[in-house]
Amino acid sequence: MKRVKLKVMGISYSQTQSGAYALLLIEENGERRIPIIIGGFEAQAIVIKLENLEPPRPLTHDLIKKICDQFDITIIEVVIHKLEEGVFFSKLTCNNGEKEWDIDSRTSDAVAIALRIGCPIYIYEDILEKAQLTNSPSDTDLSPANGGETVAESSPKYATYSDEELYKMIDEAVKTEDYERAAAIRDEIDKRKKKRR
């Protein structure tokens, strides 16, 4: 079965599910995108790595990377291999030099780990075709073809702050481990960068 390589495009807020976020993945050599609804903790873990922020203490996904490094386990790839009733299923392909095996994982955790390890993320062509966004997303609408969530790009509550204030606020949010706030501030910064292009 044909596989397509993906990269992480970003994280947005879900307007219809309180406390939920959308992880947006895009094919590496194309335009097709898939949104995956994830929880706040996983969104924070992904945003921290995307923004190259250093939390004061290691998060769970950082700990997994350290364990892999310590015991010479290589995570070769992440594969999104199934979509069932709107839920994506993923696996991590691991190798310890003697044996290769697959470990089931939530897609959000698999992506957070892949970002830290630097391994590729793949999806099967038929799943990508079924779950891709049907239109070009605007700043406030990322509706998947399979009737999933509608999400917004950023919170208007940070719109009145200057860029300098936002950067100070994001540093403070990371220091106090308020990653949900850091994600909201980061979204506002990203929104401004897009407008200036």
# chains A, B, ... in the order shown; residues from 1 in each chain; ligands from 1

$ residues_around --residues "Glu27 in chain A" --least-positions-apart "4" --cutoff "6 Å" --atoms "only C-alpha atoms" --output "MDAnalysis selection string"
chainID A and resid 5:6 32

$ residues_around --residues "range 93-109 of chain A" --least-positions-apart "6" --cutoff "8 Å" --atoms "only C-alpha atoms" --output "list in words"
Leu23, Ile38, Glu42, Ala43, His61, Phe71, Asp72, Ile73, Thr74, Ile75, Ile76, Glu77, Val78, Val79 and Ile80 of chain A

$ write_last_selection --atoms "C-alpha atoms" --output "PDB file, in the first residue's frame"
ATOM      1  CA  LEU A  23      -2.948  19.171  14.733  1.00  0.00           C
ATOM      2  CA  ILE A  38      -5.878  16.243  19.989  1.00  0.00           C
ATOM      3  CA  GLU A  42      -0.322  16.754  23.480  1.00  0.00           C
ATOM      4  CA  ALA A  43      -0.818  20.132  21.756  1.00  0.00           C
ATOM      5  CA  HIS A  61       7.896  12.864  25.230  1.00  0.00           C
ATOM      6  CA  PHE A  71      19.037   2.013  25.688  1.00  0.00           C
ATOM      7  CA  ASP A  72      20.074   2.394  22.022  1.00  0.00           C
ATOM      8  CA  ILE A  73      16.539   2.148  20.669  1.00  0.00           C
ATOM      9  CA  THR A  74      15.976   3.839  17.329  1.00  0.00           C
ATOM     10  CA  ILE A  75      12.502   4.977  16.370  1.00  0.00           C
ATOM     11  CA  ILE A  76      12.663   4.543  12.607  1.00  0.00           C
ATOM     12  CA  GLU A  77       9.320   6.022  11.616  1.00  0.00           C
ATOM     13  CA  VAL A  78       5.759   6.866  12.577  1.00  0.00           C
ATOM     14  CA  VAL A  79       2.962   5.454  10.416  1.00  0.00           C
ATOM     15  CA  ILE A  80      -0.684   6.552  10.561  1.00  0.00           C
TER      16      ILE A  80
END

$ closest_atom_pairs --of "range 26-84 of chain A" --to "range 174-193 of chain A" --cutoff "10 Å" --atoms "only C-alpha atoms" --output "tab-separated table"
residue	atom	partner	partner_atom	distance
A:Gly40	CA	A:Glu180	CA	6.7
A:Phe41	CA	A:Glu180	CA	8.0
A:Ala43	CA	A:Ala183	CA	8.0
A:Gln44	CA	A:Tyr179	CA	5.3
A:Ala45	CA	A:Tyr179	CA	8.1
A:Ile46	CA	A:Ala183	CA	9.5
A:Val47	CA	A:Ala183	CA	6.4
A:Ile48	CA	A:Tyr179	CA	7.8
A:Glu51	CA	A:Arg186	CA	8.2
A:Leu53	CA	A:Val174	CA	7.5
A:Glu54	CA	A:Val174	CA	7.6
A:Pro55	CA	A:Val174	CA	6.0
A:Pro56	CA	A:Lys175	CA	6.3
A:Arg57	CA	A:Glu177	CA	8.8

$ closest_residue --among "A:Ile34, A:Ser90, A:Met9, A:Val111" --to "Glu129 in chain A" --atoms "only C-alpha atoms"
A:Ile34

$ select_by_dssp --residues "chain A" --states "alpha helix (DSSP H)" --output "PyMOL selection string"
chain A and resi 40-50+60-70+107-117+125-131+163-175+179-196

$ select_by_dssp --residues "chain A" --states "strand (DSSP E or B)" --output "ChimeraX atom specification"
/A:3-14,20-27,33-39,74-84,87-95,100-106,121-124,133,144,151-152
